[in-house]
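Data from query10.cif: mmCIF, C-alpha atoms and all ligand atoms
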data_query
#
loop_
_atom_site.label_atom_id
_atom_site.label_comp_id
_atom_site.auth_asym_id
_atom_site.auth_seq_id
_atom_site.Cartn_x
_atom_site.Cartn_y
_atom_site.Cartn_z
CA ALA A 1 16.06 12.75 -29.59
CA THR A 2 14.87 15.83 -31.38
CA PRO A 3 13.35 18.44 -29.10
CA THR A 4 10.28 18.52 -31.30
CA ALA A 5 9.63 14.78 -30.93
CA VAL A 6 9.97 15.09 -27.17
CA MET A 7 7.61 18.03 -27.08
CA VAL A 8 5.02 16.26 -29.18
CA GLY A 9 5.32 13.06 -27.13
CA THR A 10 5.05 14.71 -23.73
CA GLY A 11 2.27 16.93 -25.08
CA ILE A 12 0.18 13.99 -26.24
CA ALA A 13 0.81 12.24 -22.93
CA ALA A 14 -0.24 15.33 -20.98
CA SER A 15 -3.53 15.38 -22.86
CA PHE A 16 -4.20 11.93 -21.33
CA GLY A 17 -3.31 13.25 -17.86
CA VAL A 18 0.04 11.49 -18.06
CA LEU A 19 2.76 13.89 -16.90
CA ILE A 20 6.20 12.88 -18.15
CA LYS A 21 9.08 14.81 -16.67
CA GLY A 22 11.19 15.55 -19.72
CA GLY A 23 12.85 13.87 -22.67
CA ASP A 24 15.12 11.57 -20.67
CA VAL A 25 12.18 9.93 -18.96
CA LEU A 26 10.25 9.68 -22.22
CA GLU A 27 13.21 7.90 -23.81
CA LYS A 28 13.76 5.53 -20.90
CA ILE A 29 10.17 4.34 -21.05
CA SER A 30 10.76 2.85 -24.48
CA SER A 31 13.65 0.74 -23.15
CA ILE A 32 11.99 -0.88 -20.11
CA THR A 33 11.76 -4.66 -19.99
CA THR A 34 9.99 -5.23 -16.65
CA ILE A 35 7.09 -3.52 -14.94
CA VAL A 36 6.80 -3.92 -11.19
CA PHE A 37 3.48 -2.97 -9.63
CA ASP A 38 2.70 -2.16 -6.03
CA LYS A 39 -0.40 -4.09 -4.94
CA THR A 40 -2.53 -2.11 -2.54
CA GLY A 41 -3.98 1.02 -4.09
CA THR A 42 -2.31 0.31 -7.43
CA LEU A 43 -3.46 -3.06 -8.79
CA THR A 44 -6.27 -3.30 -6.27
CA SER A 45 -8.74 -0.56 -5.52
CA GLY A 46 -7.05 -0.16 -2.18
CA ALA A 47 -10.46 -0.02 -0.58
CA PRO A 48 -10.51 -2.95 1.82
CA LEU A 49 -13.35 -3.62 4.23
CA VAL A 50 -13.10 -4.66 7.85
CA LYS A 51 -14.51 -8.15 7.97
CA ASP A 52 -14.01 -9.23 11.53
CA ILE A 53 -12.93 -7.80 14.87
CA ILE A 54 -11.69 -10.05 17.64
CA GLN A 55 -11.12 -8.75 21.15
CA ILE A 56 -8.10 -10.48 22.59
CA LYS A 57 -9.16 -10.33 26.23
CA GLU A 58 -12.30 -12.25 25.40
CA HIS A 59 -10.81 -14.83 23.06
CA PHE A 60 -7.38 -15.48 24.43
CA LYS A 61 -7.89 -15.03 28.16
CA LEU A 62 -5.21 -12.41 28.33
CA GLU A 63 -5.70 -11.08 31.88
CA GLU A 64 -3.87 -7.80 31.48
CA ALA A 65 -5.74 -6.77 28.34
CA ILE A 66 -8.39 -4.02 28.49
CA ASP A 67 -12.01 -5.01 29.19
CA ASP A 68 -13.77 -2.19 27.47
CA LYS A 69 -14.00 -3.06 23.79
CA ASP A 70 -15.44 0.35 22.86
CA LEU A 71 -12.46 2.06 24.40
CA ILE A 72 -10.04 -0.09 22.41
CA LEU A 73 -12.00 0.76 19.28
CA TYR A 74 -11.85 4.45 20.13
CA PHE A 75 -8.07 4.39 20.66
CA THR A 76 -7.71 2.55 17.36
CA TYR A 77 -9.86 5.16 15.67
CA LEU A 78 -7.77 8.01 17.11
CA ALA A 79 -4.54 6.36 16.02
CA GLU A 80 -5.64 5.43 12.49
CA LYS A 81 -7.32 8.70 11.63
CA GLY A 82 -3.87 10.25 11.19
CA SER A 83 -2.93 7.75 8.48
CA GLU A 84 -3.69 7.94 4.77
CA HIS A 85 -3.25 4.23 4.16
CA PRO A 86 -6.29 2.47 2.62
CA ILE A 87 -6.23 0.10 5.60
CA ALA A 88 -6.52 3.05 7.98
CA LYS A 89 -9.42 4.53 6.04
CA ALA A 90 -11.30 1.24 6.18
CA ILE A 91 -10.72 0.90 9.92
CA VAL A 92 -11.74 4.49 10.69
CA SER A 93 -14.99 4.29 8.77
CA LYS A 94 -15.87 0.93 10.31
CA ILE A 95 -15.31 2.15 13.87
CA LYS A 96 -17.40 5.25 13.25
CA THR A 97 -20.38 3.01 12.55
CA LEU A 98 -19.72 0.79 15.58
CA ILE A 99 -19.47 3.33 18.40
CA PRO A 100 -21.21 6.54 17.29
CA SER A 101 -22.30 7.59 20.79
CA LYS A 102 -18.93 6.84 22.40
CA MET A 103 -17.21 9.06 19.84
CA ASP A 104 -18.91 12.07 21.39
CA GLU A 105 -18.44 10.95 24.94
CA TYR A 106 -14.66 10.39 24.64
CA LYS A 107 -13.81 13.29 22.40
CA ASP A 108 -12.93 15.84 25.12
CA ARG A 109 -11.02 13.40 27.24
CA TYR A 110 -8.58 11.87 24.73
CA SER A 111 -6.48 13.53 22.05
CA VAL A 112 -3.60 12.49 19.82
CA ARG A 113 -0.33 14.05 20.91
CA GLU A 114 1.97 12.29 18.48
CA PHE A 115 1.60 10.18 15.37
CA LYS A 116 4.21 8.21 13.44
CA ASN A 117 4.17 6.04 10.35
CA ARG A 118 6.31 2.93 10.54
CA ASP A 119 6.91 2.14 6.91
CA GLY A 120 5.82 -1.36 5.94
CA GLU A 121 4.66 -2.10 9.47
CA GLY A 122 1.87 0.23 10.53
CA ILE A 123 1.51 3.22 12.82
CA VAL A 124 2.23 4.38 16.35
CA ALA A 125 0.22 7.05 18.19
CA ILE A 126 0.65 8.64 21.58
CA ILE A 127 -2.67 9.63 23.11
CA ASP A 128 -3.21 12.06 25.98
CA ASP A 129 -5.73 11.16 28.66
CA LYS A 130 -6.73 14.50 30.21
CA ASP A 131 -8.75 13.06 33.08
CA GLU A 132 -5.98 10.86 34.39
CA ASN A 133 -3.18 13.05 33.17
CA LYS A 134 -1.26 10.27 31.46
CA THR A 135 -0.32 9.10 27.98
CA ILE A 136 -1.26 5.92 26.18
CA GLU A 137 0.72 4.26 23.39
CA VAL A 138 -1.26 2.67 20.57
CA LEU A 139 0.30 0.48 17.87
CA CYS A 140 -1.68 -0.69 14.83
CA GLY A 141 -0.09 -2.82 12.18
CA ASN A 142 1.11 -6.21 11.10
CA ASP A 143 3.03 -8.64 13.30
CA LYS A 144 6.34 -6.99 12.43
CA LEU A 145 5.23 -3.95 14.40
CA THR A 146 3.20 -5.47 17.14
CA HIS A 147 4.84 -8.87 17.74
CA ALA A 148 2.18 -11.48 18.28
CA PHE A 149 2.99 -12.49 21.83
CA ASN A 150 1.73 -15.97 22.50
CA SER A 151 1.59 -18.89 20.11
CA GLU A 152 -2.18 -19.21 20.20
CA LEU A 153 -2.49 -15.64 19.01
CA LYS A 154 0.14 -16.21 16.34
CA GLN A 155 -1.69 -19.32 15.10
CA ASN A 156 -4.92 -17.40 14.88
CA ILE A 157 -3.28 -14.70 12.80
CA ASP A 158 -1.72 -17.29 10.47
CA MET A 159 -5.12 -18.90 10.00
CA LEU A 160 -6.76 -15.62 9.01
CA GLU A 161 -3.90 -14.81 6.64
CA GLN A 162 -4.27 -18.19 4.98
CA GLU A 163 -7.80 -17.16 4.04
CA GLY A 164 -6.23 -14.30 2.09
CA LEU A 165 -7.19 -11.69 4.68
CA THR A 166 -5.02 -8.79 5.79
CA VAL A 167 -4.58 -8.95 9.54
CA ILE A 168 -3.97 -5.90 11.71
CA LEU A 169 -3.10 -6.16 15.36
CA VAL A 170 -3.78 -3.37 17.84
CA SER A 171 -1.74 -3.14 21.00
CA ILE A 172 -2.12 -0.58 23.74
CA ASP A 173 0.74 0.10 26.09
CA ARG A 174 2.48 -2.93 24.59
CA ILE A 175 -0.37 -5.33 25.35
CA PRO A 176 -2.18 -6.88 22.36
CA GLN A 177 -5.85 -5.95 22.49
CA MET A 178 -7.55 -6.58 19.20
CA ILE A 179 -7.26 -8.34 15.84
CA LEU A 180 -8.87 -6.76 12.80
CA SER A 181 -9.13 -8.74 9.60
CA LEU A 182 -9.67 -6.93 6.33
CA GLU A 183 -10.68 -8.09 2.92
CA GLU A 184 -10.03 -6.36 -0.36
CA ALA A 185 -13.51 -5.16 -1.39
CA HIS A 186 -12.87 -5.71 -5.04
CA LEU A 187 -10.08 -8.12 -5.59
CA ALA A 188 -8.60 -5.92 -8.28
CA LYS A 189 -9.37 -2.73 -10.11
CA GLN A 190 -11.65 -3.31 -13.06
CA GLU A 191 -8.89 -2.82 -15.61
CA SER A 192 -5.97 -4.51 -13.80
CA ARG A 193 -6.32 -7.92 -15.36
CA GLU A 194 -6.64 -6.62 -18.88
CA VAL A 195 -3.73 -4.22 -18.45
CA VAL A 196 -1.44 -6.93 -17.02
CA ASN A 197 -2.40 -9.24 -19.86
CA TYR A 198 -1.74 -6.59 -22.49
CA LEU A 199 1.64 -5.68 -21.02
CA ARG A 200 2.71 -9.31 -20.99
CA LYS A 201 1.23 -10.66 -24.20
CA VAL A 202 1.19 -7.69 -26.54
CA MET A 203 3.99 -5.50 -25.23
CA LYS A 204 6.14 -8.50 -24.26
CA LEU A 205 7.07 -7.10 -20.85
CA ARG A 206 7.70 -9.03 -17.68
CA VAL A 207 5.18 -8.12 -14.97
CA ALA A 208 5.96 -8.42 -11.26
CA MET A 209 4.24 -7.36 -8.04
CA ILE A 210 5.58 -6.10 -4.72
CA THR A 211 3.57 -5.67 -1.55
CA GLY A 212 3.84 -5.14 2.17
CA ASP A 213 0.87 -7.44 2.57
CA ASN A 214 1.07 -11.13 3.53
CA LYS A 215 1.85 -14.04 1.21
CA HIS A 216 -1.67 -15.39 0.86
CA ALA A 217 -3.29 -12.04 0.14
CA ALA A 218 -0.50 -11.33 -2.37
CA PHE A 219 -0.78 -14.68 -4.21
CA LYS A 220 -4.54 -14.41 -4.39
CA VAL A 221 -4.32 -11.13 -6.28
CA ALA A 222 -1.41 -12.35 -8.44
CA ARG A 223 -3.27 -15.49 -9.54
CA HIS A 224 -6.34 -13.48 -10.35
CA LEU A 225 -4.32 -11.12 -12.54
CA GLY A 226 -2.15 -13.71 -14.25
CA ILE A 227 1.10 -12.62 -12.61
CA ASP A 228 3.62 -15.44 -12.11
CA ILE A 229 3.87 -16.04 -8.35
CA ASN A 230 7.63 -16.37 -8.75
CA ASP A 231 7.56 -12.68 -9.59
CA VAL A 232 5.71 -11.71 -6.41
CA VAL A 233 7.53 -10.16 -3.45
CA TYR A 234 5.47 -10.03 -0.24
CA LYS A 235 5.85 -8.71 3.32
CA ALA A 236 8.19 -6.13 1.89
CA TYR A 237 9.29 -3.00 3.73
CA PRO A 238 9.74 0.10 1.57
CA GLU A 239 13.47 -0.65 1.69
CA ASP A 240 12.82 -4.25 0.52
CA LYS A 241 10.76 -2.94 -2.37
CA LYS A 242 13.73 -0.83 -3.41
CA LYS A 243 16.10 -3.81 -3.10
CA ALA A 244 13.83 -6.07 -5.11
CA VAL A 245 13.87 -3.59 -7.98
CA GLU A 246 17.62 -3.32 -7.65
CA ARG A 247 17.89 -7.12 -7.92
CA PHE A 248 15.90 -7.11 -11.14
CA GLN A 249 18.24 -4.45 -12.48
CA LEU A 250 21.52 -6.05 -11.43
CA GLU A 251 20.95 -9.79 -11.62
CA ARG A 252 18.57 -9.97 -14.50
CA LYS A 253 19.78 -6.87 -16.33
CA GLU A 254 16.21 -5.65 -16.57
CA LYS A 255 15.19 -2.05 -17.15
CA VAL A 256 12.50 -1.57 -14.57
CA MET A 257 9.42 0.59 -14.42
CA PHE A 258 7.80 0.73 -10.98
CA VAL A 259 4.17 1.78 -10.61
CA GLY A 260 2.88 2.69 -7.16
CA ASP A 261 0.19 4.70 -5.40
CA GLY A 262 2.82 6.38 -3.36
CA ILE A 263 2.08 5.54 0.22
CA ASN A 264 5.53 4.45 1.44
CA ASP A 265 6.81 4.07 -2.12
CA SER A 266 9.29 6.95 -2.56
CA PRO A 267 12.50 4.86 -2.20
CA VAL A 268 11.44 2.33 -4.83
CA LEU A 269 10.13 5.03 -7.18
CA ALA A 270 13.56 6.62 -7.11
CA GLN A 271 15.39 3.30 -7.61
CA ALA A 272 13.44 2.24 -10.70
CA ASP A 273 14.65 3.28 -14.15
CA VAL A 274 11.23 4.85 -14.52
CA GLY A 275 9.05 5.56 -11.46
CA VAL A 276 5.33 6.03 -12.01
CA ALA A 277 3.09 7.54 -9.33
CA ILE A 278 -0.61 6.83 -9.69
CA ASN A 279 -3.47 8.43 -7.82
CA SER A 280 -1.18 10.18 -5.39
CA GLY A 281 -1.82 13.31 -3.39
CA SER A 282 1.58 13.12 -1.79
CA GLU A 283 4.20 15.68 -2.77
CA ILE A 284 7.13 13.43 -1.80
CA THR A 285 5.87 10.74 -4.14
CA VAL A 286 5.28 13.12 -7.01
CA ASN A 287 8.85 14.40 -6.60
CA ALA A 288 10.33 10.90 -6.58
CA ALA A 289 8.47 9.82 -9.73
CA GLY A 290 9.42 10.41 -13.38
CA ILE A 291 5.81 10.01 -14.47
CA VAL A 292 2.68 11.09 -12.67
CA LEU A 293 -0.69 9.65 -13.68
CA MET A 294 -3.39 12.17 -12.87
CA LYS A 295 -6.22 9.69 -13.27
CA ASP A 296 -6.62 6.49 -11.31
CA ASN A 297 -6.50 4.32 -14.40
CA LEU A 298 -3.87 1.72 -15.24
CA TYR A 299 -4.54 1.97 -18.98
CA ASP A 300 -2.44 5.12 -18.82
CA VAL A 301 0.62 2.95 -18.17
CA ILE A 302 0.03 1.41 -21.59
CA ASN A 303 -0.57 4.86 -23.09
CA ALA A 304 2.75 6.13 -21.71
CA ILE A 305 4.65 3.19 -23.19
CA ARG A 306 2.94 3.50 -26.55
CA ILE A 307 3.68 7.20 -26.80
CA SER A 308 7.30 6.70 -25.86
CA ARG A 309 7.81 3.82 -28.26
CA SER A 310 6.29 5.70 -31.16
CA SER A 311 8.16 8.97 -30.39
CA PHE A 312 11.48 7.22 -30.39
CA ARG A 313 10.81 4.95 -33.29
CA ARG A 314 10.08 7.98 -35.43
CA ILE A 315 13.41 9.67 -34.79
CA LYS A 316 15.78 6.73 -34.78
P1 LIG B 401 1.25 -2.11 0.34
O1 LIG B 401 0.95 -0.85 -0.42
O2 LIG B 401 1.76 -3.17 -0.57
O3 LIG B 401 0.13 -2.58 1.20
P2 LIG B 401 2.59 -0.70 2.48
O4 LIG B 401 4.06 -0.52 2.69
O5 LIG B 401 1.78 0.50 2.19
O6 LIG B 401 2.47 -1.80 1.35
O7 LIG B 401 1.97 -1.41 3.79
C1 LIG B 401 2.52 -2.61 4.24
C2 LIG B 401 1.79 -3.16 5.43
O8 LIG B 401 1.99 -2.32 6.59
C3 LIG B 401 0.29 -3.27 5.28
O9 LIG B 401 -0.09 -4.45 4.59
C4 LIG B 401 -0.13 -3.31 6.75
O10 LIG B 401 0.08 -4.60 7.29
C5 LIG B 401 0.84 -2.34 7.41
N1 LIG B 401 0.30 -0.98 7.52
C6 LIG B 401 0.66 0.11 6.80
N2 LIG B 401 -0.04 1.20 7.17
C7 LIG B 401 -0.89 0.81 8.16
C8 LIG B 401 -1.87 1.46 8.97
N3 LIG B 401 -2.16 2.74 8.85
N4 LIG B 401 -2.51 0.71 9.90
C9 LIG B 401 -2.23 -0.59 10.04
N5 LIG B 401 -1.33 -1.27 9.31
C10 LIG B 401 -0.66 -0.59 8.38
MG MG B 402 0.53 0.86 -1.52
#
What is this file in structure tokens?
Ligand code: ADP
Ligand code: MG
Amino acid sequence: ATPTAVMVGTGIAASFGVLIKGGDVLEKISSITTIVFDKTGTLTSGAPLVKDIIQIKEHFKLEEAIDDKDLILYFTYLAEKGSEHPIAKAIVSKIKTLIPSKMDEYKDRYSVREFKNRDGEGIVAIIDDKDENKTIEVLCGNDKLTHAFNSELKQNIDMLEQEGLTVILVSIDRIPQMILSLEEAHLAKQESREVVNYLRKVMKLRVAMITGDNKHAAFKVARHLGIDINDVVYKAYPEDKKKAVERFQLERKEKVMFVGDGINDSPVLAQADVGVAINSGSEITVNAAGIVLMKDNLYDVINAIRISRSSFRRIK
């Protein structure tokens, strides 16, 4: 590659808000055969809405569960407000509208001492109770994190998932307390379908999707976008996302571009031949990616490929 061609190519890309880290990356883009998209926050707006809240004590006659629904909601709020995941944002804003007066009442008594992300599973928070001088453990996430205890509860979760909902379980001190079901507000970003179609039909690339979300939610989005459900990987941990890309590379000899919004995506961004971070405020993600899209617009994936293909065609 001539340095001039690289400079022109990356310069044009930069004018679109597409930051390409050097000539090697620019060249690799033109050789990719498969694009793997993350679902939440990438193909979908990542702005789900809380649809339903079920208190477990009430519905499943679990004696040891907490009575006070507002308190469970408040603990959930405290735990989730430390997370940047779209799911967390939806939960936090919903709870704010449900218990506005309790928020004030509890605020001096409880505080978050510790917060941890469990990649692909959810979050764990340790909360201090100043009045009783004790700590409370709150888990929010899918059934991999929280383990749905009894079979009735498990069945209920399966049922909700079959409707294409994302189900989050809250347990407090290891006792399941609440089920939240969330629905993607807009099934997909406005441009997703057109972009997927263009990549497949015009650019002749294979398009796949990877998500930590459940099977039904994943298939619903894939069908809507025209992605073959055989190319959908669901309930994937960040490590599984990385392995799935590796499988494409080794078994199918594909050159893979991965596009993700970054939350939990650093390992897979690094594994891909070309990693693309979209709409990401996270420094870790930006470091792991070869391309950073400054705007939240998937058309820029097409722009990056076009620019690369034309830069390298010119100099060959
Ligand atoms: P994706 O971007 O495909 O949704 P993630 O790895 O970001 O994949 O998340 C995978 C799953 O982990 C989510 O679908 C959800 O079940 C759970 N999860 C992640 N973060 C949170 C959170 N803050 N609160 C509850 N659940 C979470
Ligand atoms: Mg994501």
Task: Nearby polymer residues, ligand LIG 401 (chain B), at most 9 Å, all atoms listed in the file, as a PyMOL selection string - done: chain A and resi 38-42+46+79-89+91+117-124+139-145+166-170+209-214+218+234-238+241+260-265
Go ahead and dump the residues you just picked, C-alpha atoms, as a short mmCIF file (atom, residue, chain, number, x, y, z; two decimals), keeping the file's coordinate frame.
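Contents of result34.cif, freshly written:
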data_model
loop_
_atom_site.label_atom_id
_atom_site.label_comp_id
_atom_site.auth_asym_id
_atom_site.auth_seq_id
_atom_site.Cartn_x
_atom_site.Cartn_y
_atom_site.Cartn_z
CA ASP A 38 2.70 -2.16 -6.03
CA LYS A 39 -0.40 -4.09 -4.94
CA THR A 40 -2.53 -2.11 -2.54
CA GLY A 41 -3.98 1.02 -4.09
CA THR A 42 -2.31 0.31 -7.43
CA GLY A 46 -7.05 -0.16 -2.18
CA ALA A 79 -4.54 6.36 16.02
CA GLU A 80 -5.64 5.43 12.49
CA LYS A 81 -7.32 8.70 11.63
CA GLY A 82 -3.87 10.25 11.19
CA SER A 83 -2.93 7.75 8.48
CA GLU A 84 -3.69 7.94 4.77
CA HIS A 85 -3.25 4.23 4.16
CA PRO A 86 -6.29 2.47 2.62
CA ILE A 87 -6.23 0.10 5.60
CA ALA A 88 -6.52 3.05 7.98
CA LYS A 89 -9.42 4.53 6.04
CA ILE A 91 -10.72 0.90 9.92
CA ASN A 117 4.17 6.04 10.35
CA ARG A 118 6.31 2.93 10.54
CA ASP A 119 6.91 2.14 6.91
CA GLY A 120 5.82 -1.36 5.94
CA GLU A 121 4.66 -2.10 9.47
CA GLY A 122 1.87 0.23 10.53
CA ILE A 123 1.51 3.22 12.82
CA VAL A 124 2.23 4.38 16.35
CA LEU A 139 0.30 0.48 17.87
CA CYS A 140 -1.68 -0.69 14.83
CA GLY A 141 -0.09 -2.82 12.18
CA ASN A 142 1.11 -6.21 11.10
CA ASP A 143 3.03 -8.64 13.30
CA LYS A 144 6.34 -6.99 12.43
CA LEU A 145 5.23 -3.95 14.40
CA THR A 166 -5.02 -8.79 5.79
CA VAL A 167 -4.58 -8.95 9.54
CA ILE A 168 -3.97 -5.90 11.71
CA LEU A 169 -3.10 -6.16 15.36
CA VAL A 170 -3.78 -3.37 17.84
CA MET A 209 4.24 -7.36 -8.04
CA ILE A 210 5.58 -6.10 -4.72
CA THR A 211 3.57 -5.67 -1.55
CA GLY A 212 3.84 -5.14 2.17
CA ASP A 213 0.87 -7.44 2.57
CA ASN A 214 1.07 -11.13 3.53
CA ALA A 218 -0.50 -11.33 -2.37
CA TYR A 234 5.47 -10.03 -0.24
CA LYS A 235 5.85 -8.71 3.32
CA ALA A 236 8.19 -6.13 1.89
CA TYR A 237 9.29 -3.00 3.73
CA PRO A 238 9.74 0.10 1.57
CA LYS A 241 10.76 -2.94 -2.37
CA GLY A 260 2.88 2.69 -7.16
CA ASP A 261 0.19 4.70 -5.40
CA GLY A 262 2.82 6.38 -3.36
CA ILE A 263 2.08 5.54 0.22
CA ASN A 264 5.53 4.45 1.44
CA ASP A 265 6.81 4.07 -2.12
#
- [ ] In Å, rounded to a single decimal, give me how far CA of Ile29 (chain A) is from CA of Val6 (chain A).
- [x]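 So the answer is 12.4 Å.
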Open item on the list: Considering only C-alpha atoms and all ligand atoms, can you say which of A:Val301, A:Ala244, A:Ala14, A:Leu43 comes closest to ligand MG 402 (chain B)?
Closed with: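 Smallest separation from ligand MG 402 (chain B) among the options: A:Leu43.
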- [ ] Tell me, in Å to one decimal, how far CA of Lys51 (chain A) is from CA of Leu180 (chain A).
- [x] 7.6 Å
Task: Counting only C-alpha atoms, the option among A:Asn297, A:Glu58, A:Val292, A:Asn133 closest to Glu191 (chain A) - done: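 Under the stated criterion, the closest residue is A:Asn297.
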TODO: Up to 9 Å from (2.4, 3.8, 19.5) in the file's coordinates: name the residues, counting all atoms listed in the file, as a PyMOL selection string.
DONE: chain A and resi 79+114-116+123-127+136-140+171-174
Got a sec: who's within 7 Å of Ser30 (chain A), counting all atoms listed in the file, leaving out chain neighbours fewer than 6 positions off, as a PDB file with C-alpha atoms, in the coordinates of the input?
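What follows is the written file selection_27.pdb:
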ATOM      1  CA  ILE A 305       4.650   3.190 -23.190  1.00  0.00           C
ATOM      2  CA  SER A 308       7.300   6.700 -25.860  1.00  0.00           C
ATOM      3  CA  ARG A 309       7.810   3.820 -28.260  1.00  0.00           C
TER       4      ARG A 309
END
- [ ] Provide the CA of Glu251 (chain A) to CA of Glu239 (chain A) distance in Å, to one decimal place.
- [x] 17.8 Å
TODO: Find the residues near region 60-70 of chain A: any atom within 8 Å, counting only C-alpha atoms, skip ones fewer than 5 places away on the same chain, and give them as a list in words.
DONE: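 Surrounding residues, per the criterion: Gln55, Ile99, Lys102, Glu152, Leu153, Ile175, Pro176 and Gln177 of chain A.
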TODO: Select all residues near (4.7, 6.9, -9.9) (cut-off 8 Å, inclusive, file coordinates), counting all atoms listed in the file, and output them as a list in words.
DONE: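 In the file's frame, the residues around the point are Phe258, Val259, Gly260, Asp261, Gly262, Leu269, Gly275, Val276, Ala277, Ile278, Thr285, Val286, Ala288, Ala289, Gly290, Ile291, Val292 and Leu293 of chain A.
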Task: Counting only C-alpha atoms and all ligand atoms, the option among A:Asp231, A:Met203, A:Asn279, A:Leu78 closest to ligand MG 402 (chain B) - done: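 For ligand MG 402 (chain B), the nearest of the given residues is A:Asn279.
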Task: Pick from A:Leu19, A:Glu194, A:Val268, A:Lys28 nearest to ligand MG 402 (chain B), counting all atoms listed in the file - done: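 With all atoms listed in the file as the atom set, the closest residue is A:Val268.
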Enclosing box along x, y and z for every listed atom of region 233-245 of chain A, padded 5 Å each side, centre and size in Å, one decimal, as JSON:
{"center_x": 10.8, "center_y": -5.0, "center_z": -2.1, "size_x": 20.6, "size_y": 20.3, "size_z": 21.7}
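Closest approach to Ile179 (chain A) from the set A:Ser192, A:Ser15, A:Asn287, A:Thr76 is made by A:Thr76, with distances taken over only C-alpha atoms.
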Where atoms are missing, can you supply N, CA and C atoms for region 272-283 of chain A and output the lot as a compact mmCIF listing (two decimals), in the frame of the given file?
# COMPACT_ATOMS: atom_id res chain seq x y z
N ALA A 272 13.83 2.77 -9.39
CA ALA A 272 13.44 2.24 -10.70
C ALA A 272 14.02 3.11 -11.82
N ASP A 273 14.20 2.50 -13.00
CA ASP A 273 14.65 3.28 -14.15
C ASP A 273 13.59 4.33 -14.49
N VAL A 274 12.33 3.91 -14.38
CA VAL A 274 11.23 4.85 -14.52
C VAL A 274 10.26 4.64 -13.36
N GLY A 275 10.01 5.65 -12.57
CA GLY A 275 9.05 5.56 -11.46
C GLY A 275 7.74 6.22 -11.85
N VAL A 276 6.64 5.49 -11.65
CA VAL A 276 5.33 6.03 -12.01
C VAL A 276 4.46 6.14 -10.76
N ALA A 277 3.99 7.34 -10.47
CA ALA A 277 3.09 7.54 -9.33
C ALA A 277 1.67 7.64 -9.84
N ILE A 278 0.79 6.82 -9.26
CA ILE A 278 -0.61 6.83 -9.69
C ILE A 278 -1.48 7.27 -8.53
N ASN A 279 -2.45 8.14 -8.82
CA ASN A 279 -3.47 8.43 -7.82
C ASN A 279 -2.88 8.94 -6.52
N SER A 280 -1.87 9.80 -6.61
CA SER A 280 -1.18 10.18 -5.39
C SER A 280 -1.33 11.66 -5.06
N GLY A 281 -1.74 11.93 -3.83
CA GLY A 281 -1.82 13.31 -3.39
C GLY A 281 -0.54 13.76 -2.71
N SER A 282 0.40 12.82 -2.59
CA SER A 282 1.58 13.12 -1.79
C SER A 282 2.68 13.80 -2.60
N GLU A 283 3.18 14.90 -2.07
CA GLU A 283 4.20 15.68 -2.77
C GLU A 283 5.52 14.92 -2.87
